[in-house]
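Undergrad: upload_28.txt (compact mmCIF, C-alpha atoms) pasted underneath:
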```
# COMPACT_ATOMS: atom_id res chain seq x y z
CA MET G 5 18.15 38.20 22.54
CA ALA G 6 16.79 41.55 23.66
CA ASP G 7 19.15 44.51 23.94
CA ALA G 8 20.38 45.56 27.34
CA ASP G 9 18.57 48.89 27.11
CA ASP G 10 15.24 47.05 26.76
CA ALA G 11 15.19 47.02 30.58
CA GLU G 12 15.35 49.70 33.23
CA MET G 13 16.63 49.55 36.79
CA ILE G 14 13.98 49.84 39.49
CA THR G 15 15.39 50.71 42.89
CA ALA G 16 13.87 49.28 46.04
CA PRO G 17 11.71 51.51 48.26
CA PRO G 18 13.31 52.86 51.46
CA GLY G 19 13.68 50.19 54.12
CA GLU G 20 13.81 47.33 51.63
CA PRO G 21 16.87 45.55 50.18
CA ALA G 22 18.88 47.81 47.93
CA ALA G 23 19.29 45.30 45.13
CA GLY G 24 17.67 46.61 41.97
CA VAL G 25 15.10 44.70 39.94
CA ARG G 26 15.25 44.76 36.17
CA ARG G 27 11.91 45.47 34.54
CA ARG G 28 11.05 45.79 30.87
CA PRO G 29 9.63 49.22 29.95
CA GLU G 30 6.18 49.37 28.38
CA PHE G 31 7.51 51.06 25.23
CA ARG G 32 10.87 51.41 23.54
CA LYS G 33 11.54 53.74 20.61
CA GLY G 34 7.83 54.36 20.20
CA ARG G 35 6.92 50.66 19.92
CA PRO G 36 5.49 48.31 22.56
CA THR G 37 8.23 46.22 24.14
CA LEU G 38 7.93 42.59 23.08
CA THR G 39 6.78 39.97 25.56
CA ARG G 40 5.19 36.58 25.06
CA GLU G 41 1.83 37.99 26.09
CA ARG G 42 2.01 40.96 23.70
CA ILE G 43 2.93 38.66 20.85
CA ALA G 44 0.00 36.37 21.70
CA ARG G 45 -2.43 39.27 21.88
CA ALA G 46 -1.27 40.54 18.49
CA ALA G 47 -1.91 37.03 17.16
CA LEU G 48 -5.40 37.12 18.67
CA GLU G 49 -6.09 40.36 16.80
CA ILE G 50 -5.14 38.67 13.54
CA LEU G 51 -7.31 35.66 14.37
CA GLY G 52 -10.31 37.89 14.98
CA GLU G 53 -9.82 39.87 11.79
CA THR G 54 -8.81 37.27 9.20
CA GLY G 55 -8.81 33.79 10.77
CA PRO G 56 -6.32 30.98 11.47
CA ALA G 57 -5.07 30.64 7.89
CA ASP G 58 -3.45 34.09 8.09
CA LEU G 59 -1.85 33.53 11.49
CA THR G 60 1.84 33.40 10.62
CA MET G 61 4.94 34.61 12.41
CA ARG G 62 5.43 37.13 9.61
CA ALA G 63 1.91 38.50 10.05
CA VAL G 64 2.39 38.84 13.80
CA GLY G 65 5.71 40.59 13.28
CA THR G 66 4.10 43.01 10.85
CA ARG G 67 1.33 43.71 13.34
CA LEU G 68 3.90 44.55 16.01
CA GLY G 69 6.20 46.47 13.68
CA VAL G 70 9.16 44.08 14.04
CA SER G 71 10.82 41.45 11.91
CA PRO G 72 9.72 37.82 12.35
CA ARG G 73 13.23 37.06 13.66
CA ALA G 74 12.60 39.29 16.67
CA LEU G 75 9.66 37.12 17.71
CA TYR G 76 11.86 34.04 18.06
CA ASN G 77 13.55 35.63 21.07
CA TYR G 78 10.24 35.06 22.89
CA VAL G 79 8.43 32.17 21.20
CA ALA G 80 10.20 29.14 19.80
CA ASP G 81 7.92 28.68 16.79
CA ARG G 82 4.30 28.91 15.68
CA ARG G 83 3.35 25.94 17.84
CA ASP G 84 4.79 27.66 20.90
CA LEU G 85 2.83 30.76 19.92
CA LEU G 86 -0.39 28.72 19.88
CA GLY G 87 0.34 27.55 23.41
CA GLU G 88 0.81 31.14 24.57
CA ILE G 89 -2.44 32.18 22.86
CA VAL G 90 -4.29 29.50 24.82
CA ALA G 91 -2.57 30.63 28.03
CA VAL G 92 -3.61 34.24 27.47
CA CYS G 93 -7.19 33.25 26.76
CA ARG G 94 -7.21 31.09 29.88
CA SER G 95 -6.03 34.02 32.01
CA ASP G 96 -8.80 36.22 30.54
CA ARG G 97 -11.59 33.69 31.02
CA PRO G 98 -14.07 34.64 33.76
CA GLN G 99 -14.39 32.21 36.65
CA PRO G 100 -18.00 31.44 37.55
CA GLN G 101 -19.28 33.10 40.71
CA LEU G 102 -22.32 30.84 40.98
CA ASP G 103 -24.68 30.73 43.92
CA THR G 104 -27.37 28.03 44.23
CA GLY G 105 -29.30 30.34 46.57
CA ARG G 106 -29.79 32.80 43.70
CA TRP G 107 -29.05 30.42 40.90
CA GLN G 108 -31.01 32.06 38.11
CA GLU G 109 -29.39 35.48 38.40
CA SER G 110 -25.91 34.10 39.05
CA LEU G 111 -26.18 31.87 35.97
CA ARG G 112 -27.36 34.83 33.89
CA THR G 113 -24.43 36.91 35.15
CA TYR G 114 -21.89 34.22 34.28
CA CYS G 115 -23.38 33.74 30.81
CA ARG G 116 -23.10 37.47 30.15
CA GLU G 117 -19.46 37.40 31.26
CA LEU G 118 -18.77 34.31 29.13
CA ARG G 119 -20.36 35.96 26.10
CA ALA G 120 -18.11 39.00 26.61
CA TRP G 121 -15.09 36.68 26.78
CA TYR G 122 -15.98 34.98 23.50
CA ARG G 123 -16.53 38.37 21.85
CA ALA G 124 -13.13 39.58 23.08
CA HIS G 125 -11.42 36.51 21.53
CA PRO G 126 -13.37 36.09 18.28
CA GLY G 127 -10.89 33.84 16.50
CA MET G 128 -10.43 31.20 19.17
CA LEU G 129 -13.28 28.89 18.18
CA ALA G 130 -12.11 28.94 14.56
CA LEU G 131 -8.56 28.23 15.72
CA ALA G 132 -9.74 25.29 17.84
CA ARG G 133 -11.44 23.84 14.77
CA ALA G 134 -8.39 24.37 12.56
CA GLU G 135 -5.61 23.31 14.96
CA ASP G 136 -5.15 20.59 17.57
CA LEU G 137 -5.06 22.59 20.79
CA THR G 138 -5.61 19.62 23.12
CA PRO G 139 -1.91 19.48 24.16
CA PHE G 140 -2.40 22.93 25.69
CA ALA G 141 -5.41 21.95 27.78
CA SER G 142 -4.80 22.29 31.50
CA VAL G 143 -6.53 22.21 34.84
CA GLY G 144 -6.67 26.01 34.77
CA LEU G 145 -8.34 26.03 31.37
CA LEU G 146 -11.03 23.55 32.44
CA ARG G 147 -11.65 24.84 35.96
CA ALA G 148 -14.51 27.12 34.87
CA ASP G 149 -16.26 24.17 33.22
CA ASP G 150 -15.75 22.04 36.32
CA LEU G 151 -17.30 24.76 38.50
CA LEU G 152 -20.28 25.08 36.14
CA VAL G 153 -20.91 21.33 36.18
CA GLY G 154 -20.64 21.32 39.98
CA PHE G 155 -23.17 24.14 40.13
CA PHE G 156 -25.70 22.14 38.14
CA LEU G 157 -25.09 19.07 40.30
CA ASP G 158 -25.63 21.17 43.42
CA LEU G 159 -28.94 22.33 41.98
CA GLY G 160 -30.06 18.70 42.12
CA LEU G 161 -29.58 17.74 38.48
CA SER G 162 -28.54 14.20 37.75
CA PRO G 163 -25.08 13.74 36.23
CA GLN G 164 -26.72 13.19 32.83
CA ASN G 165 -28.77 16.40 33.09
CA ALA G 166 -25.82 18.31 34.55
CA TYR G 167 -23.85 17.32 31.45
CA ARG G 168 -26.70 18.48 29.23
CA ALA G 169 -27.12 21.78 31.08
CA TRP G 170 -23.38 22.48 30.92
CA SER G 171 -23.17 21.58 27.21
CA VAL G 172 -26.22 23.61 26.25
CA THR G 173 -25.01 26.62 28.24
CA VAL G 174 -21.65 26.66 26.47
CA LEU G 175 -23.24 25.98 23.07
CA GLN G 176 -25.83 28.72 23.46
CA VAL G 177 -23.35 31.36 24.62
CA SER G 178 -20.51 30.50 22.23
CA GLY G 179 -22.89 30.03 19.30
CA PHE G 180 -24.54 33.39 19.91
CA ALA G 181 -21.16 35.12 20.08
CA GLU G 182 -19.78 33.25 17.07
CA VAL G 183 -22.78 33.81 14.79
CA TRP G 184 -25.05 36.63 15.95
CA ASP G 185 -22.52 38.88 17.66
CA ALA G 186 -19.97 38.34 14.91
CA TRP G 187 -22.32 39.83 12.31
CA HIS G 188 -22.62 42.97 14.42
CA ASP G 189 -19.08 43.18 15.81
CA ARG G 190 -17.32 42.45 12.51
CA PRO G 191 -19.81 43.16 9.69
CA PRO G 192 -18.90 42.40 6.08
CA PRO G 193 -17.48 45.42 4.23
CA GLY G 194 -20.18 47.82 3.11
CA SER G 195 -22.92 46.41 5.33
CA ASP G 196 -24.74 48.12 8.18
CA PRO G 197 -24.62 45.95 11.31
CA ALA G 198 -27.57 47.80 12.85
CA ALA G 199 -29.72 46.81 9.88
CA TRP G 200 -28.85 43.09 10.01
CA THR G 201 -31.57 41.09 11.73
CA GLY G 202 -31.47 37.70 10.05
CA VAL G 203 -34.86 38.42 8.48
CA PRO G 204 -34.92 39.21 4.74
CA PRO G 205 -35.96 42.85 4.27
CA ASP G 206 -38.68 42.01 1.76
CA PRO G 207 -39.43 38.26 1.72
CA ALA G 208 -41.68 37.03 -1.10
CA ALA G 209 -45.30 37.31 0.03
CA GLY G 210 -46.49 33.97 -1.25
CA GLU G 211 -43.42 31.86 -0.55
CA LEU G 212 -42.21 33.12 2.84
CA PRO G 213 -45.34 34.33 4.64
CA HIS G 214 -44.05 33.89 8.18
CA LEU G 215 -40.77 35.73 7.63
CA ARG G 216 -42.75 38.44 5.83
CA ARG G 217 -44.93 38.82 8.90
CA LEU G 218 -41.85 39.26 11.13
CA ALA G 219 -40.48 41.91 8.81
CA ALA G 220 -43.84 43.72 8.60
CA GLU G 221 -44.38 43.79 12.36
CA SER G 222 -40.76 44.73 13.19
CA VAL G 223 -40.41 42.10 15.89
CA VAL G 224 -36.61 41.88 15.59
CA GLU G 225 -34.43 42.86 18.55
CA PRO G 226 -30.89 44.16 19.06
CA PRO G 227 -28.34 41.51 20.04
CA ASP G 228 -28.34 42.31 23.77
CA ALA G 229 -32.12 41.99 24.03
CA LEU G 230 -32.10 38.79 22.01
CA PHE G 231 -29.38 37.32 24.23
CA GLU G 232 -31.52 37.97 27.30
CA ALA G 233 -34.28 35.96 25.60
CA VAL G 234 -31.78 33.16 25.04
CA LEU G 235 -30.95 33.23 28.76
CA ALA G 236 -34.62 33.14 29.71
CA MET G 237 -35.08 29.99 27.62
CA LEU G 238 -31.90 28.47 29.09
CA ILE G 239 -33.11 29.15 32.64
CA ALA G 240 -36.49 27.62 31.85
CA GLY G 241 -34.78 24.50 30.50
CA VAL G 242 -32.64 24.09 33.62
CA GLU G 243 -35.71 24.60 35.82
CA ALA G 244 -37.55 21.89 33.91
CA MET G 245 -34.70 19.42 34.61
CA ARG G 246 -34.54 20.14 38.35
```
Could you show the structure in this file as structure tokens?

TA:
Amino acid sequence: MADADDAEMITAPPGEPAAGVRRRPEFRKGRPTLTRERIARAALEILGETGPADLTMRAVGTRLGVSPRALYNYVADRRDLLGEIVAVCRSDRPQPQLDTGRWQESLRTYCRELRAWYRAHPGMLALARAEDLTPFASVGLLRADDLLVGFFLDLGLSPQNAYRAWSVTVLQVSGFAEVWDAWHDRPPPGSDPAAWTGVPPDPAAGELPHLRRLAAESVVEPPDALFEAVLAMLIAGVEAMR
């Protein structure tokens, strides 16, 4: 277990009980003090950089500058680590602040926040595909989805259309973050993310005339502008179902 000097004594303020409270310092000997959350966040960094296949206790220990044995004082095994990763992501996930009186703007705001959350945890979708994370699902993890479905129901959508609106919202936001943002946030070595548009730079004139026209007229947009166009189309779709 952790050494005794991993903690410091915090004395109570005047007027409060004198019993001290042990608290772990932020750093010890120049390294961050280990906690379950810090270990999970180091694992999330590895996920975002190299993917689930490279998520090992040894890799996490290397990232934190400790031996793998030190991690087992805080997480029982890799499966326990996965559970803590899910818990950390759940705590970071934005809760919808949706208002049917201003539904279009509040939905846009939540989608922007959700996109930022996916971008901040780039390996989670790949991990969910590679590992069975269903045992770690909880009410807290699904509360945001429940609120979003309730919002669509309150807008007057039928249960079927509320399901569709919820599914399409999540698919549009997560897909944009996973594909489009990923190319710009984590470009392949040697590439220029600002130059990547999805349109070939010089498509063959006779074989790809429509892509050539896009390239010639420079109609491509930066990711933020394109995401706003995605939201405009999403809002129009929800309006059509009301």

Undergrad: I'd like the neighbourhood of G:Glu53 as a PyMOL selection string, where a residue qualifies if any of its atoms comes within 9 Å (using all atoms listed in the file), though same-chain residues fewer than 3 positions away should be ignored.

TA: chain G and resi 48-50+126-127+190

Undergrad: Rounded to one decimal in Å, what is the spacing between atom CA of G:Asp96 and atom CA of G:His125?

TA: 9.4 Å

Undergrad: Please provide the set of residues having any atom within 8 Å of stretch 140-153 of chain G, restricted to only C-alpha atoms, with same-chain residues fewer than 4 positions apart removed, written as a ChimeraX atom specification.

TA: /G:87,90,94,98-100,102,157,166-167,170

Undergrad: Write out as a list in words the residues lying within 9 Å of G:Arg119, counting only C-alpha atoms and excluding same-chain residues fewer than 5 positions away.

TA: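 Near G:Arg119, the qualifying residues are Tyr114, Ala124, Val177, Ser178, Phe180 and Ala181 of chain G.
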
Undergrad: Find, counting all atoms listed in the file, the residue in G:Arg97, G:Arg217, G:Arg62, G:Arg246 that gets nearest to G:Ala47.

TA: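 Closest residue, counting all atoms listed in the file: G:Arg62.
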
Undergrad: Take atom CA of G:Arg106 and atom CA of G:Arg123 and report the distance between them in Å, one decimal.

TA: 26.2 Å

Undergrad: Separation of atom CA of G:Asp189 and atom CA of G:Gly55, in Å?

TA: 14.8 Å

Undergrad: Is it possible to get the residues within 12 Å of (-6.1, 26.0, 18.0) (coordinates as in the file, counting all atoms listed in the file) written as a PyMOL selection string?

TA: chain G and resi 47-48+51+55-57+59+82-91+93+127-141

Undergrad: How would the residues just chosen look if you wrote them out with C-alpha atoms as a short mmCIF file (atom, residue, chain, number, x, y, z; two decimals), in the coordinates of the input?

TA:
```cif
data_model
loop_
_atom_site.label_atom_id
_atom_site.label_comp_id
_atom_site.auth_asym_id
_atom_site.auth_seq_id
_atom_site.Cartn_x
_atom_site.Cartn_y
_atom_site.Cartn_z
CA ALA G 47 -1.91 37.03 17.16
CA LEU G 48 -5.40 37.12 18.67
CA LEU G 51 -7.31 35.66 14.37
CA GLY G 55 -8.81 33.79 10.77
CA PRO G 56 -6.32 30.98 11.47
CA ALA G 57 -5.07 30.64 7.89
CA LEU G 59 -1.85 33.53 11.49
CA ARG G 82 4.30 28.91 15.68
CA ARG G 83 3.35 25.94 17.84
CA ASP G 84 4.79 27.66 20.90
CA LEU G 85 2.83 30.76 19.92
CA LEU G 86 -0.39 28.72 19.88
CA GLY G 87 0.34 27.55 23.41
CA GLU G 88 0.81 31.14 24.57
CA ILE G 89 -2.44 32.18 22.86
CA VAL G 90 -4.29 29.50 24.82
CA ALA G 91 -2.57 30.63 28.03
CA CYS G 93 -7.19 33.25 26.76
CA GLY G 127 -10.89 33.84 16.50
CA MET G 128 -10.43 31.20 19.17
CA LEU G 129 -13.28 28.89 18.18
CA ALA G 130 -12.11 28.94 14.56
CA LEU G 131 -8.56 28.23 15.72
CA ALA G 132 -9.74 25.29 17.84
CA ARG G 133 -11.44 23.84 14.77
CA ALA G 134 -8.39 24.37 12.56
CA GLU G 135 -5.61 23.31 14.96
CA ASP G 136 -5.15 20.59 17.57
CA LEU G 137 -5.06 22.59 20.79
CA THR G 138 -5.61 19.62 23.12
CA PRO G 139 -1.91 19.48 24.16
CA PHE G 140 -2.40 22.93 25.69
CA ALA G 141 -5.41 21.95 27.78
#
```

Undergrad: Identify, on the basis of only C-alpha atoms, every residue whose closest approach to G:Arg112 does not exceed 12 Å; exclude the query and any residue fewer than 2 positions from it along the same chain; express the result as an MDAnalysis selection string.

TA: chainID G and resid 100:103 106:110 114:119 173 177 231:240 242
